[in-house]
$ cat structure27.txt   # compact mmCIF, C-alpha atoms and all ligand atoms
# COMPACT_ATOMS: atom_id res chain seq x y z
CA MET A 340 -104.80 374.20 228.17
CA VAL A 341 -103.16 371.56 225.93
CA ARG A 342 -100.43 371.16 228.59
CA GLY A 343 -103.05 370.55 231.29
CA LEU A 344 -104.86 368.02 229.12
CA LEU A 345 -101.66 366.13 228.33
CA LEU A 346 -100.60 366.08 231.99
CA TRP A 347 -104.04 364.77 232.89
CA ALA A 348 -103.63 362.09 230.21
CA ALA A 349 -100.20 361.20 231.67
CA GLY A 350 -101.92 360.05 234.86
CA ASN A 351 -104.86 358.23 233.26
CA PRO A 352 -104.48 354.42 233.45
CA ARG A 353 -107.20 353.68 230.87
CA LEU A 354 -105.61 355.89 228.25
CA GLU A 355 -102.25 354.39 229.19
CA ARG A 356 -103.55 350.88 228.40
CA THR A 357 -105.05 351.94 225.09
CA ILE A 358 -101.99 353.84 223.94
CA THR A 359 -99.27 351.44 225.12
CA GLU A 360 -101.01 348.50 223.46
CA ASN A 361 -100.52 350.18 220.08
CA PRO A 362 -97.14 348.99 218.69
CA ILE A 363 -96.87 351.89 216.24
CA LEU A 364 -97.00 354.37 219.09
CA GLY A 365 -94.39 352.36 220.97
CA ARG A 366 -92.02 352.96 218.05
CA ALA A 367 -92.84 356.69 218.07
CA THR A 368 -91.34 357.01 221.55
CA HIS A 369 -87.82 356.28 220.33
CA ARG A 370 -87.01 359.93 219.93
CA PHE A 371 -87.18 360.35 223.72
CA ILE A 372 -86.50 356.86 225.08
CA ALA A 373 -83.32 354.86 224.50
CA GLY A 374 -85.16 351.54 224.25
CA GLU A 375 -86.84 348.91 226.36
CA ARG A 376 -83.63 347.11 227.36
CA LEU A 377 -80.72 348.09 229.61
CA ASP A 378 -78.16 347.40 226.89
CA GLU A 379 -79.86 349.99 224.68
CA ALA A 380 -79.52 352.58 227.44
CA LEU A 381 -75.88 351.62 227.98
CA GLU A 382 -75.22 352.01 224.26
CA ALA A 383 -76.86 355.47 224.34
CA ALA A 384 -74.63 356.41 227.28
CA ALA A 385 -71.52 355.14 225.45
CA GLN A 386 -72.41 357.25 222.41
CA LEU A 387 -72.90 360.33 224.57
CA ASN A 388 -69.63 359.61 226.39
CA ALA A 389 -67.89 359.60 222.99
CA HIS A 390 -69.01 363.25 222.66
CA GLY A 391 -67.75 364.12 226.13
CA ILE A 392 -71.26 363.95 227.64
CA GLY A 393 -72.18 361.93 230.74
CA GLY A 394 -75.30 359.80 231.10
CA ILE A 395 -78.03 359.46 233.73
CA LEU A 396 -79.77 356.08 233.44
CA ASP A 397 -83.43 356.09 234.39
CA LEU A 398 -85.45 352.90 234.55
CA LEU A 399 -88.95 353.95 233.49
CA GLY A 400 -91.71 353.16 235.96
CA GLU A 401 -93.35 354.98 238.83
CA GLY A 402 -96.08 354.51 241.38
CA VAL A 403 -95.53 350.79 242.01
CA THR A 404 -98.38 349.32 244.02
CA ASP A 405 -96.68 346.32 245.62
CA LEU A 406 -93.38 345.28 247.14
CA GLU A 407 -92.74 342.77 244.40
CA GLY A 408 -92.75 345.53 241.77
CA ALA A 409 -90.38 347.58 243.91
CA ASN A 410 -87.99 344.63 244.36
CA LYS A 411 -87.90 344.13 240.63
CA ALA A 412 -86.97 347.79 240.15
CA VAL A 413 -84.20 347.52 242.77
CA GLU A 414 -82.73 344.49 240.98
CA GLN A 415 -82.82 346.32 237.67
CA TYR A 416 -81.10 349.37 239.17
CA LEU A 417 -78.41 347.17 240.71
CA GLU A 418 -77.90 345.52 237.33
CA ALA A 419 -77.64 348.95 235.70
CA ALA A 420 -75.04 350.13 238.24
CA GLU A 421 -72.99 346.93 237.76
CA ALA A 422 -73.08 347.35 233.99
CA ILE A 423 -72.05 351.03 234.16
CA ALA A 424 -69.07 350.08 236.34
CA THR A 425 -68.10 347.03 234.24
CA ARG A 426 -68.13 349.04 231.03
CA GLY A 427 -66.37 351.99 232.64
CA LEU A 428 -69.08 354.42 231.50
CA ASP A 429 -69.45 357.96 232.77
CA ALA A 430 -73.05 357.57 233.97
CA THR A 431 -75.16 357.95 237.09
CA ILE A 432 -78.47 356.29 237.89
CA SER A 433 -81.59 358.28 238.73
CA ILE A 434 -84.42 356.84 240.78
CA LYS A 435 -88.06 357.65 241.40
CA LEU A 436 -88.88 356.74 244.99
CA SER A 437 -92.46 355.83 244.07
CA GLN A 438 -90.84 353.02 242.08
CA LEU A 439 -89.23 351.72 245.31
CA ALA A 440 -92.52 351.41 247.24
CA GLN A 441 -92.60 354.94 248.70
CA THR A 442 -96.40 354.94 248.82
CA VAL A 443 -96.71 351.26 249.78
CA ASP A 444 -94.36 350.83 252.74
CA ARG A 445 -91.97 353.58 253.82
CA ASN A 446 -89.57 351.24 255.64
CA ALA A 447 -89.33 349.06 252.57
CA CYS A 448 -88.57 352.16 250.49
CA VAL A 449 -85.77 353.19 252.89
CA ALA A 450 -84.30 349.69 252.67
CA ASN A 451 -84.62 349.60 248.88
CA LEU A 452 -82.95 352.96 248.44
CA GLY A 453 -80.25 351.95 250.95
CA ARG A 454 -79.45 348.79 248.98
CA ILE A 455 -79.01 350.77 245.78
CA LEU A 456 -76.95 353.51 247.45
CA ASP A 457 -74.63 351.05 249.22
CA ARG A 458 -73.91 348.97 246.13
CA ALA A 459 -73.62 351.99 243.84
CA GLN A 460 -71.11 353.54 246.22
CA GLU A 461 -69.01 350.36 246.19
CA LEU A 462 -69.09 350.46 242.40
CA GLY A 463 -68.34 354.18 242.20
CA VAL A 464 -71.61 354.94 240.39
CA PRO A 465 -73.32 358.17 241.56
CA VAL A 466 -77.04 358.10 242.42
CA GLU A 467 -79.65 360.80 241.83
CA ILE A 468 -83.22 360.98 243.12
CA ASP A 469 -85.95 362.35 240.84
CA MET A 470 -88.70 364.54 242.26
CA GLU A 471 -92.30 363.57 241.56
CA ASP A 472 -95.58 365.38 242.12
CA SER A 473 -96.11 367.69 245.10
CA SER A 474 -97.83 365.02 247.23
CA LEU A 475 -94.48 363.17 247.36
CA VAL A 476 -92.17 366.14 247.85
CA PRO A 477 -92.00 366.28 251.68
CA ASP A 478 -91.32 362.55 252.01
CA THR A 479 -88.82 362.56 249.14
CA LEU A 480 -86.89 365.39 250.83
CA GLU A 481 -86.89 363.39 254.05
CA HIS A 482 -85.50 360.35 252.22
CA TYR A 483 -82.86 362.60 250.68
CA ARG A 484 -81.91 364.03 254.08
CA GLU A 485 -81.54 360.53 255.55
CA ALA A 486 -79.66 359.23 252.52
CA ALA A 487 -77.28 362.22 252.31
CA ALA A 488 -76.19 361.66 255.92
CA ARG A 489 -74.58 358.35 254.83
CA HIS A 490 -74.02 359.08 251.15
CA PRO A 491 -73.15 362.77 250.72
CA GLN A 492 -72.69 362.30 246.97
CA VAL A 493 -76.38 361.60 246.32
CA ARG A 494 -78.18 364.27 244.30
CA VAL A 495 -81.87 365.25 244.50
CA ALA A 496 -84.07 366.97 241.93
CA ILE A 497 -85.75 370.14 243.19
CA GLN A 498 -88.61 371.87 241.37
CA ALA A 499 -88.37 375.64 240.93
CA MET A 500 -92.10 376.03 240.19
CA LEU A 501 -93.15 374.96 243.71
CA ARG A 502 -93.78 377.84 246.11
CA ARG A 503 -92.36 375.81 248.99
CA THR A 504 -88.96 375.22 247.36
CA PRO A 505 -86.97 378.20 248.78
CA LEU A 506 -87.94 377.14 252.31
CA ASP A 507 -87.18 373.49 251.55
CA LEU A 508 -83.70 374.45 250.42
CA GLU A 509 -83.13 376.63 253.49
CA GLY A 510 -84.02 373.56 255.56
CA LEU A 511 -81.39 371.51 253.72
CA ALA A 512 -78.65 374.18 253.78
CA SER A 513 -76.60 372.51 256.52
CA LEU A 514 -76.14 369.50 254.20
CA LYS A 515 -74.77 371.66 251.37
CA PRO A 516 -77.33 369.85 249.23
CA ARG A 517 -76.39 368.44 245.85
CA VAL A 518 -79.32 369.47 243.71
CA ARG A 519 -80.55 369.05 240.15
CA LEU A 520 -82.62 372.19 239.71
CA VAL A 521 -85.57 371.70 237.32
CA LYS A 522 -88.66 373.76 236.54
CA GLY A 523 -91.08 370.92 237.47
CA ALA A 524 -92.93 368.60 235.11
CA TYR A 525 -96.20 367.92 236.96
CA ALA A 526 -99.62 369.62 236.92
CA GLU A 527 -99.84 371.47 240.23
CA PRO A 528 -102.55 373.80 241.56
CA VAL A 529 -101.92 377.53 241.70
CA GLU A 530 -101.83 377.48 245.54
CA LEU A 531 -98.76 375.22 245.37
CA ALA A 532 -96.93 376.26 242.25
CA GLU A 533 -96.12 379.21 240.01
CA GLN A 534 -97.97 378.72 236.73
CA GLY A 535 -96.49 381.31 234.38
CA LYS A 536 -93.15 381.02 232.57
CA LYS A 537 -92.02 384.45 233.83
CA ASP A 538 -92.56 383.57 237.49
CA VAL A 539 -91.01 380.10 237.19
CA THR A 540 -87.99 381.65 235.45
CA ALA A 541 -87.59 384.27 238.21
CA GLN A 542 -87.72 381.61 240.92
CA TYR A 543 -85.30 379.37 238.96
CA LYS A 544 -82.78 382.23 238.79
CA PHE A 545 -83.13 383.00 242.50
CA LEU A 546 -82.53 379.32 243.32
CA THR A 547 -79.56 379.17 240.93
CA ASP A 548 -77.85 381.91 242.93
CA TRP A 549 -78.77 380.13 246.17
CA LEU A 550 -77.22 376.87 244.96
CA PHE A 551 -73.96 378.54 243.98
CA GLU A 552 -73.74 380.02 247.45
CA PHE A 553 -75.03 377.19 249.66
CA GLY A 554 -75.29 374.02 247.55
CA GLY A 555 -72.72 371.40 246.57
CA ASP A 556 -71.78 370.89 242.90
CA PRO A 557 -75.03 372.28 241.45
CA ALA A 558 -76.70 370.75 238.40
CA PHE A 559 -79.20 372.58 236.21
CA GLY A 560 -81.72 370.33 234.48
CA THR A 561 -83.01 372.56 231.72
CA HIS A 562 -82.97 373.16 227.95
CA ASP A 563 -83.82 376.81 228.40
CA ASP A 564 -81.15 379.08 226.84
CA GLU A 565 -81.94 381.92 229.21
CA LEU A 566 -81.44 379.74 232.31
CA ILE A 567 -78.30 378.08 230.98
CA ALA A 568 -76.81 381.52 230.32
CA TYR A 569 -77.93 382.63 233.77
CA ALA A 570 -76.15 379.68 235.42
CA ALA A 571 -72.94 380.62 233.60
CA SER A 572 -73.13 384.23 234.75
CA ALA A 573 -74.13 383.28 238.33
CA ALA A 574 -71.10 380.95 238.43
CA GLY A 575 -68.87 383.76 237.18
CA LYS A 576 -70.13 386.11 239.90
CA VAL A 577 -68.83 383.74 242.59
CA GLY A 578 -65.58 383.03 240.79
CA LYS A 579 -66.60 379.65 239.37
CA GLY A 580 -66.22 378.31 235.86
CA PRO A 581 -68.00 375.87 233.53
CA ARG A 582 -66.47 372.79 235.22
CA ASP A 583 -67.87 373.80 238.64
CA TYR A 584 -71.47 372.93 237.79
CA GLU A 585 -73.36 370.59 235.49
CA ILE A 586 -75.94 371.17 232.77
CA GLN A 587 -78.35 368.25 232.49
CA MET A 588 -80.72 367.64 229.58
CA LEU A 589 -83.11 364.94 228.43
CA TYR A 590 -82.33 362.28 225.84
CA GLY A 591 -83.46 363.41 222.40
CA ILE A 592 -84.03 367.05 223.31
CA ARG A 593 -81.77 369.78 221.89
CA ARG A 594 -79.00 367.35 220.97
CA ASP A 595 -77.11 370.06 219.07
CA LEU A 596 -77.02 372.22 222.16
CA GLN A 597 -75.88 369.28 224.32
CA GLU A 598 -72.91 368.71 222.02
CA LYS A 599 -72.12 372.40 221.63
CA LEU A 600 -72.04 372.95 225.39
CA ALA A 601 -69.76 369.93 225.84
CA ARG A 602 -67.45 371.18 223.06
CA ASP A 603 -67.36 374.60 224.73
CA GLY A 604 -66.03 373.00 227.92
CA HIS A 605 -69.22 372.61 229.98
CA ARG A 606 -69.96 369.53 232.04
CA VAL A 607 -73.05 368.07 230.37
CA ARG A 608 -75.04 365.02 231.44
CA VAL A 609 -78.04 363.55 229.61
CA TYR A 610 -80.94 361.72 231.24
CA ILE A 611 -81.51 358.42 229.41
CA PRO A 612 -84.83 356.71 230.11
CA PHE A 613 -85.22 353.04 229.25
CA GLY A 614 -87.78 350.31 229.91
CA SER A 615 -91.29 349.45 228.88
CA ALA A 616 -93.25 351.74 231.25
CA TRP A 617 -92.75 354.74 228.96
CA TYR A 618 -96.25 356.20 228.93
CA PRO A 619 -96.23 358.83 231.77
CA TYR A 620 -92.69 359.98 230.94
CA PHE A 621 -93.54 360.31 227.26
CA MET A 622 -96.76 362.21 227.94
CA ARG A 623 -94.93 364.69 230.19
CA ARG A 624 -92.51 365.37 227.32
CA MET A 625 -95.51 365.96 225.03
CA ALA A 626 -96.97 368.37 227.59
CA GLU A 627 -93.75 370.40 227.75
CA ARG A 628 -93.89 371.03 224.04
CA PRO A 629 -97.25 370.26 222.48
CA ALA A 630 -95.61 370.67 219.03
CA ASN A 631 -94.15 367.20 219.79
CA LEU A 632 -97.64 365.85 219.27
CA ARG A 633 -96.96 366.12 215.55
CA PHE A 634 -94.50 363.18 215.78
CA PHE A 635 -97.04 361.20 217.69
CA LEU A 636 -99.88 361.90 215.28
CA ARG A 637 -97.67 361.23 212.26
CA ALA A 638 -96.76 357.83 213.76
CA LEU A 639 -100.44 357.16 214.32
CA ALA A 640 -101.14 357.99 210.69
CA GLY A 641 -98.44 355.49 209.68
CA HIS A 642 -95.79 357.92 208.33
C1 LIG A 701 -82.02 366.06 233.25
C2 LIG A 701 -83.42 366.43 233.63
C3 LIG A 701 -84.02 365.79 234.70
C4 LIG A 701 -85.30 366.15 235.11
N1 LIG A 701 -85.84 365.61 236.23
C5 LIG A 701 -87.03 366.04 236.67
C6 LIG A 701 -87.54 365.61 237.93
O1 LIG A 701 -86.93 364.82 238.65
N2 LIG A 701 -88.77 366.08 238.31
C7 LIG A 701 -89.47 366.97 237.54
O2 LIG A 701 -90.56 367.39 237.95
N3 LIG A 701 -89.01 367.38 236.34
C8 LIG A 701 -87.81 366.94 235.90
N4 LIG A 701 -87.35 367.39 234.68
C9 LIG A 701 -88.25 368.11 233.75
C10 LIG A 701 -88.30 369.61 234.02
O3 LIG A 701 -89.00 369.85 235.22
C11 LIG A 701 -89.01 370.36 232.86
O4 LIG A 701 -90.34 369.91 232.76
C12 LIG A 701 -88.36 370.17 231.50
O5 LIG A 701 -86.96 370.17 231.59
C13 LIG A 701 -88.77 371.30 230.54
O6 LIG A 701 -88.35 372.54 231.04
P1 LIG A 701 -87.08 373.36 230.47
O7 LIG A 701 -86.37 373.91 231.67
O8 LIG A 701 -86.27 372.52 229.60
O9 LIG A 701 -87.68 374.63 229.78
P2 LIG A 701 -88.76 374.82 228.60
O10 LIG A 701 -89.11 376.26 228.62
O11 LIG A 701 -89.87 373.82 228.74
O12 LIG A 701 -87.94 374.46 227.32
C14 LIG A 701 -86.92 375.28 226.79
C15 LIG A 701 -86.67 374.82 225.37
O13 LIG A 701 -86.20 373.48 225.38
C16 LIG A 701 -86.82 372.70 224.38
N5 LIG A 701 -87.67 371.67 224.99
C17 LIG A 701 -88.02 371.59 226.29
N6 LIG A 701 -88.78 370.49 226.53
C18 LIG A 701 -88.93 369.89 225.34
C19 LIG A 701 -89.59 368.72 224.92
N7 LIG A 701 -90.28 367.95 225.75
N8 LIG A 701 -89.51 368.38 223.61
C20 LIG A 701 -88.82 369.13 222.73
N9 LIG A 701 -88.16 370.27 223.08
C21 LIG A 701 -88.21 370.63 224.36
C22 LIG A 701 -87.62 373.66 223.55
O14 LIG A 701 -86.77 374.17 222.52
C23 LIG A 701 -87.94 374.76 224.52
O15 LIG A 701 -88.19 376.01 223.90
C24 LIG A 701 -86.04 367.09 234.32
C25 LIG A 701 -85.43 367.73 233.25
C26 LIG A 701 -84.15 367.42 232.91
C27 LIG A 701 -83.53 368.15 231.75

$ encode --input "structure27.txt" --output "structure tokens" --more "lines below"
Ligand SMILES: Cc1cc2nc3c(=O)[nH]c(=O)nc-3n(C[C@H](O)[C@H](O)[C@H](O)COP(=O)(O)OP(=O)(O)OC[C@H]3O[C@@H](n4cnc5c(N)ncnc54)[C@H](O)[C@@H]3O)c2cc1C
Amino acid sequence: MVRGLLLWAAGNPRLERTITENPILGRATHRFIAGERLDEALEAAAQLNAHGIGGILDLLGEGVTDLEGANKAVEQYLEAAEAIATRGLDATISIKLSQLAQTVDRNACVANLGRILDRAQELGVPVEIDMEDSSLVPDTLEHYREAAARHPQVRVAIQAMLRRTPLDLEGLASLKPRVRLVKGAYAEPVELAEQGKKDVTAQYKFLTDWLFEFGGDPAFGTHDDELIAYAASAAGKVGKGPRDYEIQMLYGIRRDLQEKLARDGHRVRVYIPFGSAWYPYFMRRMAERPANLRFFLRALAGH
């Protein structure tokens, strides 16, 4: 119930205004967000790199409502890619298509994504596409299919909780899709998505096996010990080792485990959000672990 309430709050613009205007709460986000500026995200990536961990830079912001907002996001992503290349960092960039005008003008979104993919390829910076709520899944997969035809290195996030996902992956099999497999962070109705941990875990494991057989360079975006162990054993079953797949985690979550996995020889990459539009991202992190609310409430109380 708390999860549902927090996910509802994540999409509520009035609450967003009230909460983001409070400077104390802005500071409380630092556990999960590298900072408002690009250089703070680059510094976070450099620190992770020093521990043998790659970065995934994510400019916060989603659901832009005009082309101007989308253009701004494109410029900021291009700047991020340039900076990653200039500093020689091991980092990718990850994009939400709703930030590139997906729901405003599809052609503009194609062009925006194309600009980022072309320049990032020239710079040697890999690009990943986040997956948003179920209303955007079919179109996001279509964008991925079109993008992968020209840029086979692009990776797309796929949500294990959605009932449609096994069929979606079958439909992409001929591309040998490069996937970041995640459980799914959005509130979805029971007709569309598994709701219980046991069922989501079962589907995640099934899809893990599928990716080792039919996908390209699979990535597992999870902090769940059981699923990380499962990926290792699924890799072993097909004669692959810890360098043949990637474990991805979120900035500020299970840092000890991130470093331990890297020390043990795994390929680990951490998703580093930056920017001022932190509210929906932050609220989804609260929803995943309502115990996090303690930090939030402590900040509110001034401690
Ligand atoms: C790199 C990466 C990229 C992602 N991209 C997307 C995307 O594009 N689209 C999408 O829908 N979802 C995305 N997600 C989110 C994902 O769908 C899950 O909501 C999130 O990862 C929590 O699920 P879990 O697999 O970590 O398992 P859980 O069962 O939620 O967590 C396992 C353990 O990890 C720790 N943990 C997990 N979350 C938190 C938290 N918020 N705070 C503190 N501890 C926590 C706890 O110890 C918990 O017991 C992404 C996740 C990662 C790691």

$ residues_around --input "structure27.txt" --residues "region 409-421 of chain A" --least-positions-apart "5" --cutoff "6 Å" --atoms "only C-alpha atoms" --output "number ranges by chain"
A: 438-440

$ closest_atom_pairs --input "structure27.txt" --of "chain A" --to "ligand LIG 701 (chain A)" --cutoff "9 Å" --atoms "all atoms listed in the file" --output "CSV"
residue,atom,partner,partner_atom,distance
A:Phe371,CA,A:LIG701,N8,8.4
A:Ile395,CA,A:LIG701,C1,7.7
A:Ser433,CA,A:LIG701,O1,8.4
A:Ile434,CA,A:LIG701,O1,8.6
A:Lys435,CA,A:LIG701,O1,7.8
A:Glu467,CA,A:LIG701,O1,8.9
A:Ile468,CA,A:LIG701,O1,7.0
A:Asp469,CA,A:LIG701,O1,3.4
A:Met470,CA,A:LIG701,O1,4.0
A:Glu471,CA,A:LIG701,N2,5.4
A:Asp472,CA,A:LIG701,O2,6.8
A:Val495,CA,A:LIG701,O1,7.7
A:Ala496,CA,A:LIG701,O1,4.9
A:Ile497,CA,A:LIG701,N2,7.0
A:Gln498,CA,A:LIG701,O2,6.0
A:Ala499,CA,A:LIG701,O3,8.2
A:Met500,CA,A:LIG701,O3,8.5
A:Arg519,CA,A:LIG701,C3,7.2
A:Leu520,CA,A:LIG701,C4,8.1
A:Val521,CA,A:LIG701,O3,4.4
A:Lys522,CA,A:LIG701,O3,4.1
A:Gly523,CA,A:LIG701,O3,3.2
A:Ala524,CA,A:LIG701,O4,3.7
A:Tyr525,CA,A:LIG701,O2,5.8
A:Lys536,CA,A:LIG701,O10,7.4
A:Thr540,CA,A:LIG701,O7,8.8
A:Ala558,CA,A:LIG701,C1,8.8
A:Phe559,CA,A:LIG701,C27,7.6
A:Gly560,CA,A:LIG701,C27,3.9
A:Thr561,CA,A:LIG701,O7,3.6
A:His562,CA,A:LIG701,O8,3.7
A:Asp563,CA,A:LIG701,C14,3.8
A:Asp564,CA,A:LIG701,C14,6.9
A:Glu565,CA,A:LIG701,C14,8.6
A:Leu566,CA,A:LIG701,O7,7.7
A:Ile586,CA,A:LIG701,C1,8.0
A:Gln587,CA,A:LIG701,C1,4.3
A:Met588,CA,A:LIG701,C27,3.6
A:Leu589,CA,A:LIG701,C27,4.6
A:Tyr590,CA,A:LIG701,C1,8.3
A:Gly591,CA,A:LIG701,C20,7.8
A:Ile592,CA,A:LIG701,N9,5.2
A:Arg593,CA,A:LIG701,C16,6.3
A:Arg608,CA,A:LIG701,C1,7.3
A:Val609,CA,A:LIG701,C1,5.9
A:Tyr610,CA,A:LIG701,C1,4.9
A:Ile611,CA,A:LIG701,C1,8.6
A:Phe621,CA,A:LIG701,N7,8.4
A:Met622,CA,A:LIG701,N7,8.9
A:Arg623,CA,A:LIG701,N7,7.2
A:Arg624,CA,A:LIG701,N7,3.8
A:Met625,CA,A:LIG701,N7,5.6
A:Ala626,CA,A:LIG701,N7,7.0
A:Glu627,CA,A:LIG701,N7,4.7
A:Arg628,CA,A:LIG701,C19,5.0
A:Pro629,CA,A:LIG701,N7,8.0
A:Ala630,CA,A:LIG701,C20,7.9
A:Asn631,CA,A:LIG701,N8,6.1

$ residues_around --input "structure27.txt" --residues "Leu462 (chain A)" --least-positions-apart "5" --cutoff "12 Å" --atoms "all atoms listed in the file" --output "list in words"
Leu417, Glu418, Ala419, Ala420, Glu421, Ala422, Ile423, Ala424, Thr425, Arg426, Gly427, Leu428, Ala430, Thr431, Ile432, Ile455, Leu456 and Asp457 of chain A

$ atom_distance --input "structure27.txt" --atom1 "CA of Arg582 (chain A)" --atom2 "CA of His482 (chain A)"
28.4 Å

$ closest_residue --input "structure27.txt" --among "A:Asn451, A:Ser513, A:Thr504, A:Ser572" --to "Gln542 (chain A)" --atoms "all atoms listed in the file"
A:Thr504

$ decode --input "structure27.txt" --residues "region 560-572 of chain A" --atoms "C-alpha atoms" --output "PDB file, in the first residue's frame"
ATOM      1  CA  GLY A 560      19.799  -3.989 -13.394  1.00  0.00           C
ATOM      2  CA  THR A 561      19.091  -5.238  -9.899  1.00  0.00           C
ATOM      3  CA  HIS A 562      20.294  -5.140  -6.283  1.00  0.00           C
ATOM      4  CA  ASP A 563      18.593  -8.427  -5.510  1.00  0.00           C
ATOM      5  CA  ASP A 564      21.096 -11.043  -4.243  1.00  0.00           C
ATOM      6  CA  GLU A 565      18.964 -13.914  -5.465  1.00  0.00           C
ATOM      7  CA  LEU A 566      18.824 -12.552  -9.033  1.00  0.00           C
ATOM      8  CA  ILE A 567      22.501 -11.632  -9.126  1.00  0.00           C
ATOM      9  CA  ALA A 568      23.368 -15.185  -8.048  1.00  0.00           C
ATOM     10  CA  TYR A 569      20.932 -16.528 -10.624  1.00  0.00           C
ATOM     11  CA  ALA A 570      22.615 -14.542 -13.422  1.00  0.00           C
ATOM     12  CA  ALA A 571      25.985 -16.009 -12.420  1.00  0.00           C
ATOM     13  CA  SER A 572      24.657 -19.563 -12.481  1.00  0.00           C
TER      14      SER A 572
END
